[in-house]
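Quick look at input-v6.cif (mmCIF, C-alpha atoms and all ligand atoms):
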data_run
#
loop_
_atom_site.group_PDB
_atom_site.id
_atom_site.type_symbol
_atom_site.label_atom_id
_atom_site.label_comp_id
_atom_site.auth_asym_id
_atom_site.auth_seq_id
_atom_site.Cartn_x
_atom_site.Cartn_y
_atom_site.Cartn_z
ATOM 1 C CA MET A 1 0.000 0.000 0.000
ATOM 2 C CA LYS A 2 1.809 3.098 -1.202
ATOM 3 C CA ILE A 3 1.304 6.472 0.517
ATOM 4 C CA VAL A 4 3.841 8.543 -1.391
ATOM 5 C CA ASP A 5 6.788 7.520 -3.564
ATOM 6 C CA ASN A 6 9.259 6.479 -0.901
ATOM 7 C CA ILE A 7 7.165 4.761 1.770
ATOM 8 C CA ASP A 8 5.092 1.615 1.570
ATOM 9 C CA ILE A 9 3.009 -0.322 4.069
ATOM 10 C CA LEU A 10 3.527 -4.057 3.636
ATOM 11 C CA GLU A 11 0.642 -6.430 4.290
ATOM 12 C CA ILE A 12 1.930 -9.682 5.756
ATOM 13 C CA PRO A 13 -0.273 -12.534 6.984
ATOM 14 C CA MET A 14 1.000 -13.957 10.274
ATOM 15 C CA LYS A 15 -0.006 -16.982 12.328
ATOM 16 C CA LEU A 16 1.265 -16.858 15.879
ATOM 17 C CA MET A 17 0.109 -18.524 19.106
ATOM 18 C CA GLY A 18 -2.990 -19.921 17.432
ATOM 19 C CA THR A 19 -4.095 -16.548 16.087
ATOM 20 C CA THR A 20 -4.055 -15.602 12.430
ATOM 21 C CA GLY A 21 -3.797 -11.940 11.589
ATOM 22 C CA THR A 22 -2.091 -9.395 9.378
ATOM 23 C CA ILE A 23 0.905 -7.308 10.284
ATOM 24 C CA TYR A 24 1.914 -4.073 8.571
ATOM 25 C CA PRO A 25 5.675 -3.478 8.569
ATOM 26 C CA THR A 26 6.644 -0.221 6.849
ATOM 27 C CA VAL A 27 9.439 0.375 4.323
ATOM 28 C CA ILE A 28 10.979 3.803 3.758
ATOM 29 C CA TRP A 29 13.692 4.379 1.188
ATOM 30 C CA ASP A 30 15.847 6.905 -0.642
ATOM 31 C CA ASP A 31 18.650 6.657 -3.212
ATOM 32 C CA GLU A 32 21.092 5.240 -0.679
ATOM 33 C CA HIS A 33 19.098 3.363 1.943
ATOM 34 C CA VAL A 34 16.184 0.995 2.324
ATOM 35 C CA VAL A 35 14.802 0.920 5.855
ATOM 36 C CA LEU A 36 12.434 -1.749 7.155
ATOM 37 C CA ILE A 37 10.454 -0.920 10.278
ATOM 38 C CA ASP A 38 9.704 -4.109 12.272
ATOM 39 C CA ALA A 39 10.297 -7.501 10.728
ATOM 40 C CA GLY A 40 7.589 -10.030 11.601
ATOM 41 C CA ILE A 41 8.389 -13.571 12.755
ATOM 42 C CA SER A 42 10.741 -16.311 11.585
ATOM 43 C CA ASP A 43 8.664 -17.282 8.539
ATOM 44 C CA SER A 44 7.743 -13.724 7.426
ATOM 45 C CA MET A 45 10.851 -13.104 5.316
ATOM 46 C CA PRO A 46 9.656 -14.528 1.937
ATOM 47 C CA LEU A 47 6.375 -12.654 2.338
ATOM 48 C CA ILE A 48 8.204 -9.402 3.053
ATOM 49 C CA LYS A 49 10.299 -10.021 -0.052
ATOM 50 C CA ASP A 50 7.181 -10.531 -2.218
ATOM 51 C CA GLU A 51 5.451 -7.466 -0.866
ATOM 52 C CA MET A 52 8.533 -5.330 -1.455
ATOM 53 C CA ASP A 53 8.733 -6.625 -5.040
ATOM 54 C CA LYS A 54 5.150 -5.511 -5.565
ATOM 55 C CA ALA A 55 6.012 -2.100 -4.110
ATOM 56 C CA GLY A 56 8.950 -1.759 -6.500
ATOM 57 C CA VAL A 57 11.634 -1.569 -3.826
ATOM 58 C CA SER A 58 14.346 -4.194 -3.687
ATOM 59 C CA PHE A 59 14.480 -6.451 -0.621
ATOM 60 C CA ASP A 60 18.193 -6.954 -1.318
ATOM 61 C CA LYS A 61 18.805 -3.281 -0.673
ATOM 62 C CA ILE A 62 17.527 -3.332 2.926
ATOM 63 C CA ASP A 63 20.446 -1.958 4.929
ATOM 64 C CA THR A 64 18.647 -0.828 8.071
ATOM 65 C CA ILE A 65 15.970 -2.324 10.303
ATOM 66 C CA ILE A 66 14.365 -0.128 12.943
ATOM 67 C CA VAL A 67 12.615 -2.000 15.738
ATOM 68 C CA THR A 68 9.720 -0.264 17.481
ATOM 69 C CA HIS A 69 9.994 -2.567 20.506
ATOM 70 C CA GLN A 70 11.077 -5.933 21.892
ATOM 71 C CA ASP A 71 8.031 -8.163 21.224
ATOM 72 C CA ILE A 72 8.626 -11.393 19.289
ATOM 73 C CA ASP A 73 6.247 -10.532 16.448
ATOM 74 C CA HIS A 74 8.457 -7.499 15.707
ATOM 75 C CA ILE A 75 11.954 -8.946 16.123
ATOM 76 C CA CYS A 76 11.902 -12.669 15.265
ATOM 77 C CA GLY A 77 12.056 -12.068 11.525
ATOM 78 C CA ILE A 78 15.267 -10.047 11.731
ATOM 79 C CA ASN A 79 17.825 -12.858 11.861
ATOM 80 C CA SER A 80 16.500 -14.564 8.730
ATOM 81 C CA ILE A 81 16.807 -11.230 6.883
ATOM 82 C CA ILE A 82 20.351 -10.728 8.163
ATOM 83 C CA ASP A 83 21.280 -14.315 7.157
ATOM 84 C CA GLU A 84 20.187 -13.453 3.639
ATOM 85 C CA LEU A 85 21.591 -9.937 3.316
ATOM 86 C CA HIS A 86 24.484 -9.869 5.839
ATOM 87 C CA ASP A 87 25.079 -6.138 6.076
ATOM 88 C CA VAL A 88 22.047 -4.819 7.923
ATOM 89 C CA ASN A 89 22.117 -2.317 10.782
ATOM 90 C CA VAL A 90 19.574 -2.847 13.537
ATOM 91 C CA LEU A 91 18.375 0.212 15.450
ATOM 92 C CA ALA A 92 16.287 0.231 18.641
ATOM 93 C CA HIS A 93 15.691 2.347 21.734
ATOM 94 C CA THR A 94 18.257 1.902 24.514
ATOM 95 C CA LEU A 95 15.651 0.718 27.041
ATOM 96 C CA ASP A 96 14.432 -2.209 24.911
ATOM 97 C CA LYS A 97 17.902 -3.137 23.652
ATOM 98 C CA PRO A 98 18.796 -5.667 26.427
ATOM 99 C CA TYR A 99 15.566 -7.582 25.768
ATOM 100 C CA ILE A 100 16.110 -7.605 22.001
ATOM 101 C CA GLN A 101 19.690 -8.781 22.503
ATOM 102 C CA GLY A 102 18.542 -11.617 24.766
ATOM 103 C CA GLU A 103 20.310 -10.242 27.851
ATOM 104 C CA LYS A 104 16.984 -9.912 29.666
ATOM 105 C CA GLN A 105 13.889 -12.039 29.261
ATOM 106 C CA ILE A 106 11.280 -10.387 27.027
ATOM 107 C CA LEU A 107 8.836 -8.692 29.412
ATOM 108 C CA ARG A 108 5.705 -10.198 27.843
ATOM 109 C CA PHE A 109 6.777 -13.663 29.029
ATOM 110 C CA LYS A 110 8.510 -12.767 32.260
ATOM 111 C CA ASN A 111 5.804 -13.501 34.796
ATOM 112 C CA SER A 112 3.763 -16.037 32.914
ATOM 113 C CA ASN A 113 4.149 -19.716 32.414
ATOM 114 C CA ILE A 114 4.503 -19.729 28.679
ATOM 115 C CA ARG A 115 4.046 -23.509 28.347
ATOM 116 C CA GLU A 116 0.696 -23.243 30.082
ATOM 117 C CA ARG A 117 -0.372 -20.433 27.768
ATOM 118 C CA ILE A 118 0.388 -22.376 24.628
ATOM 119 C CA ASN A 119 -0.563 -25.944 25.579
ATOM 120 C CA MET A 120 -3.739 -25.796 23.478
ATOM 121 C CA LEU A 121 -1.662 -25.282 20.316
ATOM 122 C CA SER A 122 -0.476 -28.091 18.051
ATOM 123 C CA ASP A 123 2.964 -29.543 18.843
ATOM 124 C CA ASP A 124 4.371 -27.788 15.787
ATOM 125 C CA GLU A 125 2.996 -24.397 16.822
ATOM 126 C CA GLN A 126 4.234 -24.876 20.409
ATOM 127 C CA ARG A 127 7.700 -25.659 19.163
ATOM 128 C CA LYS A 128 7.672 -22.610 16.884
ATOM 129 C CA VAL A 129 6.658 -20.264 19.708
ATOM 130 C CA LEU A 130 9.136 -21.697 22.218
ATOM 131 C CA ASP A 131 11.909 -21.542 19.651
ATOM 132 C CA MET A 132 11.183 -17.873 18.981
ATOM 133 C CA ILE A 133 11.083 -17.010 22.675
ATOM 134 C CA GLU A 134 14.178 -18.973 23.628
ATOM 135 C CA ASN A 135 16.370 -18.580 20.588
ATOM 136 C CA THR A 136 15.791 -15.120 19.221
ATOM 137 C CA SER A 137 18.371 -12.596 20.113
ATOM 138 C CA VAL A 138 19.272 -9.831 17.751
ATOM 139 C CA LYS A 139 22.310 -7.616 18.052
ATOM 140 C CA VAL A 140 21.350 -3.953 18.168
ATOM 141 C CA ASP A 141 23.937 -1.896 16.284
ATOM 142 C CA GLU A 142 22.692 1.549 17.145
ATOM 143 C CA ASP A 143 20.786 2.948 20.133
ATOM 144 C CA LEU A 144 17.966 5.364 19.467
ATOM 145 C CA ALA A 145 16.831 8.168 21.751
ATOM 146 C CA ASP A 146 13.808 10.441 21.978
ATOM 147 C CA ASP A 147 13.780 13.366 19.519
ATOM 148 C CA GLU A 148 16.615 11.977 17.436
ATOM 149 C CA GLU A 149 16.273 12.600 13.722
ATOM 150 C CA LEU A 150 17.468 9.882 11.350
ATOM 151 C CA ASP A 151 18.615 10.859 7.903
ATOM 152 C CA TYR A 152 16.609 8.274 5.908
ATOM 153 C CA GLY A 153 13.931 8.918 3.323
ATOM 154 C CA GLY A 154 14.040 12.675 3.848
ATOM 155 C CA GLY A 155 14.068 12.427 7.656
ATOM 156 C CA ILE A 156 12.534 10.204 10.330
ATOM 157 C CA VAL A 157 12.000 11.529 13.872
ATOM 158 C CA VAL A 158 12.204 9.096 16.799
ATOM 159 C CA ILE A 159 9.591 9.611 19.515
ATOM 160 C CA HIS A 160 9.990 7.608 22.723
ATOM 161 C CA THR A 161 6.542 6.250 23.648
ATOM 162 C CA PRO A 162 6.875 4.070 26.777
ATOM 163 C CA GLY A 163 3.852 2.044 27.878
ATOM 164 C CA HIS A 164 3.478 -1.073 25.763
ATOM 165 C CA THR A 165 7.168 -1.659 26.609
ATOM 166 C CA PRO A 166 9.675 0.686 28.347
ATOM 167 C CA GLY A 167 11.639 1.336 25.161
ATOM 168 C CA HIS A 168 8.796 1.505 22.664
ATOM 169 C CA ILE A 169 9.289 4.125 19.958
ATOM 170 C CA CYS A 170 7.096 5.690 17.303
ATOM 171 C CA LEU A 171 8.605 7.143 14.118
ATOM 172 C CA TYR A 172 7.508 10.227 12.212
ATOM 173 C CA HIS A 173 8.374 10.227 8.506
ATOM 174 C CA LYS A 174 8.470 13.864 7.486
ATOM 175 C CA GLU A 175 7.939 13.621 3.721
ATOM 176 C CA SER A 176 4.787 11.521 3.900
ATOM 177 C CA LYS A 177 3.590 13.024 7.221
ATOM 178 C CA SER A 178 3.217 9.499 8.540
ATOM 179 C CA LEU A 179 3.420 8.410 12.145
ATOM 180 C CA ILE A 180 4.432 4.773 12.504
ATOM 181 C CA VAL A 181 3.097 3.742 15.894
ATOM 182 C CA GLY A 182 4.112 0.073 16.215
ATOM 183 C CA ASP A 183 1.922 -1.316 18.995
ATOM 184 C CA ALA A 184 1.521 1.945 20.943
ATOM 185 C CA LEU A 185 -1.827 2.676 19.285
ATOM 186 C CA ASN A 186 -4.336 0.633 17.347
ATOM 187 C CA ILE A 187 -7.335 1.317 15.143
ATOM 188 C CA GLU A 188 -10.782 0.315 16.361
ATOM 189 C CA GLY A 189 -13.518 1.204 13.902
ATOM 190 C CA ASP A 190 -12.974 4.898 13.156
ATOM 191 C CA GLU A 191 -11.072 5.573 16.374
ATOM 192 C CA LEU A 192 -7.477 5.375 17.525
ATOM 193 C CA VAL A 193 -7.012 3.570 20.833
ATOM 194 C CA VAL A 194 -4.175 2.962 23.265
ATOM 195 C CA THR A 195 -3.167 -0.703 23.003
ATOM 196 C CA HIS A 196 -4.126 -2.667 26.159
ATOM 197 C CA ARG A 197 -5.309 0.514 27.833
ATOM 198 C CA GLU A 198 -7.330 -1.507 30.365
ATOM 199 C CA ALA A 199 -4.114 -3.081 31.649
ATOM 200 C CA MET A 200 -2.299 0.256 32.159
ATOM 201 C CA SER A 201 -1.829 1.796 35.609
ATOM 202 C CA LYS A 202 -2.772 5.400 36.286
ATOM 203 C CA LYS A 203 0.891 6.328 36.259
ATOM 204 C CA GLU A 204 1.463 4.623 32.902
ATOM 205 C CA LEU A 205 -1.550 6.394 31.420
ATOM 206 C CA GLU A 206 -0.156 9.753 32.571
ATOM 207 C CA ILE A 207 3.045 8.999 30.660
ATOM 208 C CA ILE A 208 1.038 7.951 27.596
ATOM 209 C CA LYS A 209 -0.971 11.171 27.776
ATOM 210 C CA GLY A 210 2.355 13.025 27.708
ATOM 211 C CA TRP A 211 3.473 11.515 24.400
ATOM 212 C CA LEU A 212 0.014 11.774 22.864
ATOM 213 C CA GLU A 213 0.197 15.514 23.564
ATOM 214 C CA LYS A 214 3.632 15.583 21.980
ATOM 215 C CA PHE A 215 2.190 14.003 18.800
ATOM 216 C CA GLY A 216 0.255 17.271 18.497
ATOM 217 C CA GLU A 217 3.506 18.985 17.460
ATOM 218 C CA PHE A 218 3.551 16.934 14.250
ATOM 219 C CA ASP A 219 1.428 17.380 11.161
ATOM 220 C CA ILE A 220 0.103 13.834 10.798
ATOM 221 C CA GLU A 221 -1.789 12.667 7.725
ATOM 222 C CA ASN A 222 -1.283 8.937 8.229
ATOM 223 C CA VAL A 223 -1.009 6.720 11.266
ATOM 224 C CA ILE A 224 0.395 3.252 10.562
ATOM 225 C CA ALA A 225 -0.351 0.688 13.274
ATOM 226 C CA TYR A 226 1.545 -2.614 13.087
ATOM 227 C CA HIS A 227 -1.467 -4.820 13.742
ATOM 228 C CA THR A 228 -4.271 -2.742 12.255
ATOM 229 C CA GLY A 229 -2.782 -0.861 9.320
ATOM 230 C CA LEU A 230 -3.428 2.610 7.966
ATOM 231 C CA PHE A 231 -5.559 5.285 9.628
ATOM 232 C CA ASN A 232 -5.935 8.568 7.733
ATOM 233 C CA ASP A 233 -9.202 10.006 8.995
ATOM 234 C CA ASN A 234 -8.005 13.255 10.580
ATOM 235 C CA PRO A 235 -5.345 11.675 12.827
ATOM 236 C CA ASN A 236 -4.311 14.880 14.602
ATOM 237 C CA LEU A 237 -7.865 15.477 15.810
ATOM 238 C CA LYS A 238 -8.379 11.829 16.781
ATOM 239 C CA ILE A 239 -5.105 11.812 18.725
ATOM 240 C CA LYS A 240 -6.157 14.982 20.536
ATOM 241 C CA GLU A 241 -9.496 13.406 21.469
ATOM 242 C CA LEU A 242 -7.748 10.275 22.664
ATOM 243 C CA SER A 243 -5.389 12.304 24.792
ATOM 244 C CA HIS A 244 -8.325 14.211 26.335
ATOM 245 C CA SER A 245 -10.015 10.917 27.180
ATOM 246 C CA ILE A 246 -7.168 10.021 29.531
HETATM 247 ZN ZN ZN B 1 3.009 -6.623 18.118
#

As structure tokens, what does this structure read like?
Amino acid sequence: MKIVDNIDILEIPMKLMGTTGTIYPTVIWDDEHVVLIDAGISDSMPLIKDEMDKAGVSFDKIDTIIVTHQDIDHICGINSIIDELHDVNVLAHTLDKPYIQGEKQILRFKNSNIRERINMLSDDEQRKVLDMIENTSVKVDEDLADDEELDYGGGIVVIHTPGHTPGHICLYHKESKSLIVGDALNIEGDELVVTHREAMSKKELEIIKGWLEKFGEFDIENVIAYHTGLFNDNPNLKIKELSHSI
């Protein structure tokens, strides 16, 4: 799904933990770089390749992967891409880096008995999930920080958006006026919502309100949510309303 010439939203089917859905990694490129934002799971790579072919941007030219946060459905596809392409820089926020690198256990699975949660899945599916949780560690080459501007595709601004994970980031692509929100926000009907809002403490919601207000500084025509796709129905207003609802 093309927004303007140098950004495309990929549509990748994904089956994970018994649930089938679609994920929407984003690609941004210029004459020198091709940047993939989030990379799906271990079997997503051929699908990413196909979708990039359709978009007219070469998979082989990916030289940078930006990770919005540590969750397995965002990072487990990275190693198969690196195996194929070798020279790929991985960028992530400092606070999620130890989880992505496998130095700390991914927070989503820290206090839960993962085997109990997946015992209704087929043996094959269970093995796939356990393998991803236990064997995925990705070396982060570059730490990202709030407000940093990356020189790709005419400029991408990093916005630190803690909540879903401590080091979650959103990315603002200046040329297309697109805000890539990872799992920080999702689309429900014609509204934007905070992901897992019901599970957030008052303190966490205060922090989220802070970054939602900060989004107001950007002229946003498109919001791209990793699990729900493109939202372009007056995002600035909808973000403002969401922030007021907290
Ligand atoms: Zn996710």

Could you tell me which residues the PyMOL selection byres (((chain A and resi 1) around 9) and not hetatm) grabs in this file, written as an MDAnalysis selection string? chainID A and resid 2:3 7:11 55

Cut-off 9 Å, all atoms listed in the file, neighbours of ligand ZN 1 (chain B) as a count of residues only: 12

What's the 8 Å shell around Glu142 in chain A, counting all atoms listed in the file, without same-chain residues fewer than 5 positions away, as a PyMOL selection string? chain A and resi 89-92

Put those residues in a file: C-alpha atoms, as a short mmCIF file (atom, residue, chain, number, x, y, z; two decimals), in the coordinates of the input.
data_model
loop_
_atom_site.label_atom_id
_atom_site.label_comp_id
_atom_site.auth_asym_id
_atom_site.auth_seq_id
_atom_site.Cartn_x
_atom_site.Cartn_y
_atom_site.Cartn_z
CA ASN A 89 22.12 -2.32 10.78
CA VAL A 90 19.57 -2.85 13.54
CA LEU A 91 18.38 0.21 15.45
CA ALA A 92 16.29 0.23 18.64
#

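Residue nearest Asp141 in chain A, chosen from A:Glu206, A:Asp87, A:Glu175, A:Glu116 and counting all atoms listed in the file: A:Asp87.
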
Go ahead and compute the interatomic distance for CA of Phe59 in chain A and CA of Asn6 in chain A, in Å to one decimal.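 Value for the CA of Phe59 in chain A-CA of Asn6 in chain A distance: 13.9 Å.
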
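The interatomic distance for the pair CA of Ile78 in chain A and CA of Asp60 in chain A works out to 13.7 Å.
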